[in-house]
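First up is the structure itself, then whatever we jot down about it.
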Amino acid sequence: MDTVELARPTELAELGQQLRVDSVRAAAAAGSGHPTSSMSAADLVAVLFAHHLRYDFDRPAHPGNDRFVLSKGHASPLLYAAYKAAGAVDDAELLTFRKLGSRLEGHPTPRRLPWVETATGSLGQGLPVGVGIALAGKRLDHVGYRVWVLCGDSELAEGSVWEAAEHAGHEHLDNLTAIVDVNRLGQRGPTRHGHDLAAYARRFQAFGWHTVEIDGHDVAAVDRAYGEASSTKGQPTVILARTLKGRGVESVENREGLHGKPLPDADEAIEELGGIRDLRIRVHEPIDARMLHSVPTGHLDLPRWEKGDPEEGVATRDAYGQALAALGTARGDVVAPDGEVSDSTRAEIFAKEHPDRFFECYIAEQQLVAAAVGLASRGWVPYASTFAAFLTRAHDFVRMAAVSGVGINLVGSHAGVAIGPDGPSQMGLEDLAMFRAVHGSTVLYPCDANQTARLVTAMAGLDGVRYLRTSRGAGPVLYGPDEEFPVGGSKVLRSTDRDRLTIVAAGVTVPEALTAADALDGEGIAVRVVDLYSVKPVDRATLRRAAVETGLLLTVEDHHEQGGLGDAVLDAFLDGRPVPRLVRLAVEAMPGSASPAEQLRAAGIDAESIAASARLLVEQGIVP
């Protein structure tokens with residue numbers, strides 16, 4: 001059928017019915033899915049796609065395209081039905097929903113479909129990521145696209161939604177519209193506020209949003225609301241739409257216990273909805289065809305430190321801040337969101353030199369990572385930073401970034417007990433395990449300033465989620481400024497043909513390991529020292545060679561034993577090779593407040609403890 005302009009409310013209502021029918025059909029073909037959640041929002045999507053969305057489906061990377069985020073990702077049958085109406089997928093593909101090999105997954109992901117902005121399904125994430133996209137449009141791209149986010153009412157119980165709401169209001173993101181499908185029913189029963197639109201309106205208004213309350217099945221009212229949102233200046237807009245779950249089919253409409261299930265009688269439901277239709281819509285073209293953003297490039301002039309200088313050493317967080325600022329000068333696509341700790345993470349150096357590309361996200365780590373995801377989806381290269389400990393709050397956003405296949409750089413400072421007297425609430429002791437577990441991630445833990453600067457630069461060219469762990473205190477400069485540090489590599493800092501064991505360290509434990517090795521050498525115990533700065537992927541060849549040549553690996557880490565450096569070392573032997581003898585030194589007890597040196601000693605990971613462990617292994621005959 002030829003594409004048509006749907007001008008009259010009756011035509012828009014017909015399109016809404018078609019989207020309902022196709023949602024029912026897709027779920028019936030799959031034998032699973034969420035058709036009732038799709039049916040409630042069908043009129044909202046019909047009016048948006050037919051009248052207000054500006055998008056070129058043949059050019060999903062078009063710089064002027066509006067961005068649509070389906071935050072209630074379980075309503076994917078509705079999204080795919082809209083794609084069919086727009087001519088992006090055909091009916092045969094629609095009926096492959098949820099089947100092996102299909103692009104039409106149970107929850108949409110950009111890995112499969114180029115029109116999907118971000119993976120959704122973990123509720124409460126669409127609006128925060130939408131804020132990140134809108135920030136890119138408002139502050140960086142300067143292109144007239146709008147960001148439309150369709151949310152469910154259940155997910156408004158998530159705190160991340162309100163982090164996003166406050167941030168959008170603070171930034172006056174008038175290019176952002178949230179559409180809330182208030183259908184009253186969650187998975188197991190009624191939502192907290194049911195159909196009380198005013199309750200939701202008060203909350204959004206408190207964060208500076210323009211609010212519009214409508215009947216979500218009155219297509220003329222929906223049309224007017226979208227127009228009002230587009231014309232509102234200085235505020236983001238939320239459209240609160242009262243809807244009915246399962247709209248249009250009496251046996252399921254507004255009834256509990258039917259969430260996430262195909263309709264009991266799909267054929268009867270389709271007949272009740274008026275039968276199968278094949279309306280095709282002409283989605284409006286984007287209004288601006290300019291390039292998204294130019295990326296000026298210049299000479300990369302990284303900071304340089306000479307070995308042994310300065311005498312007091314350099315903190316890797318300081319090196320990170322200086323290197324990031326230098327990278328920002330060389331690459332115009334680098335941006336830096338920070339969690340209101342830029343004076344500690346040292347992202348403030350970037351902020352002073354490139355204020356237009358610095359984003360203050362305040363103490364809202366979920367929004368921090370979501371902003372990074374949104375910015376990355378628009379082609380920017382974000383380096384988002386906060387304390388390593390606080391990134392645990394945003395782990396689900398990190399996980400979903402990996403599902404999306406988006407490339408983001410995350411930097412956690414103040415890691416480990418080495419931060420000293422602040423105590424365990426501020427100590428990142430789980431972060432290596434957390435990021436190692438993320439699909440396709442890269443995990444880096446530099447020990448000195450030059451190594452940090454080189455790895456900061458390398459991160460920009462990697463795929464997926466990249467994590468850099470930095471330290472609070474100053475450490476010695478162990479490498480020259482021209483040393484190379486390939487991702488997946490390591491550095492052997494001490495080695496002889498007489499080595500009786502290998503100490504594997506990273507970050508703050510590297511200088512401790514070297515001091516221990518000096519002491520042991522004076523006692524006739526030769527040890528090898530490996531700086532495993534690339535925690536994931538690990539340098540398998542070096543570790544395997546060390547295991548063969550020295551017989552035992554002693555890992556030393558400022559991290560809990562589970563999931564950290566020791567487990568990373570074992571990754572080198574997961575292909576059927578014999579697992580080496582491995583002894584681990586890690587933070588086992590719950591730390592208190594003490595000086596950095598006292599913390600390392602109490603955890604048993606300082607130079608004296610490392611040397612003592614090696615001596616004990618010799619005395620016990622474990623090391624020949």
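By order of appearance in the structure tokens: chains A, B, ..., then residues from 1 within every chain, and ligands from 1 in the order shown.
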| task | Apply DSSP to the backbone of this structure and, from stretch 150-370 of chain A, keep only the residues in alpha helix (DSSP H); write these as a ChimeraX atom specification. | result | /A:159-170,197-206,219-231,266-272,316-330,342-345,348-353,365-370
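The neighbours of A:Gly321 here are the residues that come within 8 Å of it, using only C-alpha atoms and leaving out any residue fewer than 6 positions away in the same chain; they are Thr345, Arg346, Ala347, Glu348, Ile349 and Phe350 of chain A.
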Shell of 12 Å around A:Pro190, only C-alpha atoms, local chain residues under 5 positions omitted, as a short mmCIF file (atom, residue, chain, number, x, y, z; two decimals) with N, CA, C and O atoms, in the first residue's frame:
data_model
loop_
_atom_site.label_atom_id
_atom_site.label_comp_id
_atom_site.auth_asym_id
_atom_site.auth_seq_id
_atom_site.Cartn_x
_atom_site.Cartn_y
_atom_site.Cartn_z
N ASP A 153 4.08 3.93 33.62
CA ASP A 153 3.86 4.54 34.93
C ASP A 153 4.53 3.74 36.04
O ASP A 153 4.99 4.31 37.03
N SER A 154 4.67 2.42 35.88
CA SER A 154 5.32 1.62 36.92
C SER A 154 6.76 2.05 37.15
O SER A 154 7.23 2.09 38.29
N VAL A 182 0.13 6.14 31.46
CA VAL A 182 -0.42 5.87 32.80
C VAL A 182 -1.60 4.91 32.64
O VAL A 182 -2.77 5.31 32.60
N ASN A 183 -1.28 3.62 32.55
CA ASN A 183 -2.34 2.64 32.34
C ASN A 183 -2.80 1.96 33.64
O ASN A 183 -3.58 1.03 33.62
N ARG A 184 -2.24 2.39 34.75
CA ARG A 184 -2.70 2.02 36.10
C ARG A 184 -2.21 0.68 36.60
O ARG A 184 -2.08 0.45 37.80
N LEU A 185 -1.86 -0.23 35.70
CA LEU A 185 -1.53 -1.58 36.12
C LEU A 185 -0.07 -1.89 35.87
O LEU A 185 0.46 -1.65 34.80
N HIS A 195 -4.47 5.92 38.42
CA HIS A 195 -4.76 6.88 37.37
C HIS A 195 -4.72 8.33 37.87
O HIS A 195 -5.24 9.23 37.20
N ASP A 196 -4.08 8.57 38.99
CA ASP A 196 -4.00 9.92 39.55
C ASP A 196 -2.93 10.71 38.81
O ASP A 196 -1.77 10.80 39.23
N LEU A 244 -5.72 2.74 29.21
CA LEU A 244 -6.19 1.46 29.74
C LEU A 244 -5.34 0.34 29.16
O LEU A 244 -5.18 0.24 27.94
N LYS A 245 -4.84 -0.48 30.03
CA LYS A 245 -4.05 -1.63 29.59
C LYS A 245 -4.97 -2.59 28.85
O LYS A 245 -6.09 -2.87 29.29
N ASN A 254 -8.05 -3.25 31.04
CA ASN A 254 -8.03 -2.76 32.43
C ASN A 254 -8.17 -3.89 33.44
O ASN A 254 -8.69 -3.69 34.54
N ARG A 255 -7.69 -5.08 33.10
CA ARG A 255 -7.81 -6.24 33.99
C ARG A 255 -6.43 -6.66 34.49
O ARG A 255 -5.45 -6.61 33.75
N GLU A 256 -6.41 -7.11 35.73
CA GLU A 256 -5.16 -7.56 36.35
C GLU A 256 -4.84 -8.99 35.92
O GLU A 256 -5.69 -9.73 35.43
N GLY A 257 -3.56 -9.35 36.11
CA GLY A 257 -3.14 -10.72 35.90
C GLY A 257 -2.83 -11.09 34.47
O GLY A 257 -2.63 -12.28 34.16
N HIS A 259 -0.41 -9.29 32.53
CA HIS A 259 0.84 -8.66 32.11
C HIS A 259 1.80 -9.72 31.56
O HIS A 259 1.97 -10.79 32.13
#
| task | Mind checking which residues fall within 6 Å of A:Gly374, counting only C-alpha atoms, ignoring those fewer than 5 positions away in the same chain, and posting them as a ChimeraX atom specification? | result | /A:129,132-133
What's around stretch 265-268 of chain A at 10 Å? Count only C-alpha atoms, leave out sequence neighbours fewer than 5 positions away in its own chain, and write the answer as a PDB file with N, CA, C and O atoms, in the first residue's frame.
ATOM      1  N   VAL A  21      -3.582  -4.343  16.782  1.00  0.00           N
ATOM      2  CA  VAL A  21      -3.732  -5.634  16.101  1.00  0.00           C
ATOM      3  C   VAL A  21      -2.366  -6.271  15.855  1.00  0.00           C
ATOM      4  O   VAL A  21      -2.153  -7.464  16.133  1.00  0.00           O
ATOM      5  N   VAL A  24      -0.833  -7.640  18.992  1.00  0.00           N
ATOM      6  CA  VAL A  24      -1.460  -8.912  19.360  1.00  0.00           C
ATOM      7  C   VAL A  24      -0.933 -10.031  18.470  1.00  0.00           C
ATOM      8  O   VAL A  24      -0.609 -11.139  18.952  1.00  0.00           O
ATOM      9  N   ARG A  25      -0.846  -9.773  17.191  1.00  0.00           N
ATOM     10  CA  ARG A  25      -0.374 -10.792  16.248  1.00  0.00           C
ATOM     11  C   ARG A  25       1.075 -11.193  16.529  1.00  0.00           C
ATOM     12  O   ARG A  25       1.417 -12.394  16.493  1.00  0.00           O
ATOM     13  N   ALA A  26       1.923 -10.214  16.795  1.00  0.00           N
ATOM     14  CA  ALA A  26       3.334 -10.520  17.054  1.00  0.00           C
ATOM     15  C   ALA A  26       3.480 -11.385  18.289  1.00  0.00           C
ATOM     16  O   ALA A  26       4.230 -12.384  18.297  1.00  0.00           O
ATOM     17  N   ALA A  27       2.778 -11.017  19.366  1.00  0.00           N
ATOM     18  CA  ALA A  27       2.874 -11.796  20.599  1.00  0.00           C
ATOM     19  C   ALA A  27       2.282 -13.189  20.432  1.00  0.00           C
ATOM     20  O   ALA A  27       2.797 -14.172  20.975  1.00  0.00           O
ATOM     21  N   ALA A  28       1.202 -13.277  19.661  1.00  0.00           N
ATOM     22  CA  ALA A  28       0.602 -14.595  19.421  1.00  0.00           C
ATOM     23  C   ALA A  28       1.554 -15.486  18.637  1.00  0.00           C
ATOM     24  O   ALA A  28       1.688 -16.687  18.930  1.00  0.00           O
ATOM     25  N   ALA A  29       2.220 -14.928  17.655  1.00  0.00           N
ATOM     26  CA  ALA A  29       3.166 -15.718  16.860  1.00  0.00           C
ATOM     27  C   ALA A  29       4.336 -16.185  17.712  1.00  0.00           C
ATOM     28  O   ALA A  29       4.857 -17.289  17.520  1.00  0.00           O
ATOM     29  N   VAL A 249      -9.982  -4.523  23.752  1.00  0.00           N
ATOM     30  CA  VAL A 249     -10.419  -5.925  23.828  1.00  0.00           C
ATOM     31  C   VAL A 249     -11.024  -6.141  25.212  1.00  0.00           C
ATOM     32  O   VAL A 249     -10.321  -6.088  26.231  1.00  0.00           O
ATOM     33  N   SER A 251     -12.098  -8.510  27.028  1.00  0.00           N
ATOM     34  CA  SER A 251     -11.685  -9.580  27.946  1.00  0.00           C
ATOM     35  C   SER A 251     -10.382  -9.273  28.679  1.00  0.00           C
ATOM     36  O   SER A 251     -10.091  -9.911  29.700  1.00  0.00           O
ATOM     37  N   LEU A 273     -10.960  -5.798  17.386  1.00  0.00           N
ATOM     38  CA  LEU A 273     -10.233  -4.560  17.089  1.00  0.00           C
ATOM     39  C   LEU A 273     -10.446  -4.079  15.658  1.00  0.00           C
ATOM     40  O   LEU A 273      -9.885  -3.064  15.263  1.00  0.00           O
ATOM     41  N   GLY A 275     -10.013  -6.065  12.811  1.00  0.00           N
ATOM     42  CA  GLY A 275      -9.317  -6.849  11.816  1.00  0.00           C
ATOM     43  C   GLY A 275      -7.964  -6.283  11.407  1.00  0.00           C
ATOM     44  O   GLY A 275      -7.569  -5.193  11.837  1.00  0.00           O
TER      45      GLY A 275
END
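Residues of stretch 96-259 of chain A that DSSP places in strand (DSSP E), based on the backbone of this structure, are Val147, Trp148, Val149, Leu150, Cys151, Gly152, Leu176, Thr177, Ala178, Ile179, Val180, Asp181, Val182, His210, Thr211, Val212, Glu213, Ile214, Asp215, Thr237, Val238, Ile239, Leu240, Ala241 and Arg242 of chain A.
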| note | Among A:Ala201, A:Leu79, A:Ala46, A:Val527, A:Trp115 is approached most closely, using only C-alpha atoms, by A:Leu79
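Computed from the coordinates, the atom CA of A:Leu543 to atom CA of A:Val530 distance equals 8.4 Å.
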| task | Just the residues within 12 Å of A:Arg577, please, counting only C-alpha atoms, with nothing from its chain fewer than 5 positions along; format it as JSON, numbers by chain. | result | {"A": [540, 541, 543, 544, 545, 547, 548, 570, 571, 572]}
| task | Compile the contact shell of A:Tyr226 as a VMD selection string: residues with an atom at most 8 Å away, counting only C-alpha atoms, same-chain residues fewer than 4 positions apart removed. | result | chain A and resid 48 52 222 230 239
Kindly provide the residues of stretch 105-167 of chain A that approach stretch 332-336 of chain A to within 12 Å, each paired with its closest atom pair and their distance in Å to one decimal, based on only C-alpha atoms, listed by chain and increasing number, as JSON lines.
{"residue": "A:Gly132", "atom": "CA", "partner": "A:Val335", "partner_atom": "CA", "distance": 11.8}
{"residue": "A:Leu135", "atom": "CA", "partner": "A:Val335", "partner_atom": "CA", "distance": 11.5}
{"residue": "A:Ala136", "atom": "CA", "partner": "A:Val335", "partner_atom": "CA", "distance": 10.0}
{"residue": "A:Arg139", "atom": "CA", "partner": "A:Val335", "partner_atom": "CA", "distance": 11.2}
{"residue": "A:Leu140", "atom": "CA", "partner": "A:Asp333", "partner_atom": "CA", "distance": 9.5}
{"residue": "A:Asp141", "atom": "CA", "partner": "A:Asp333", "partner_atom": "CA", "distance": 10.7}
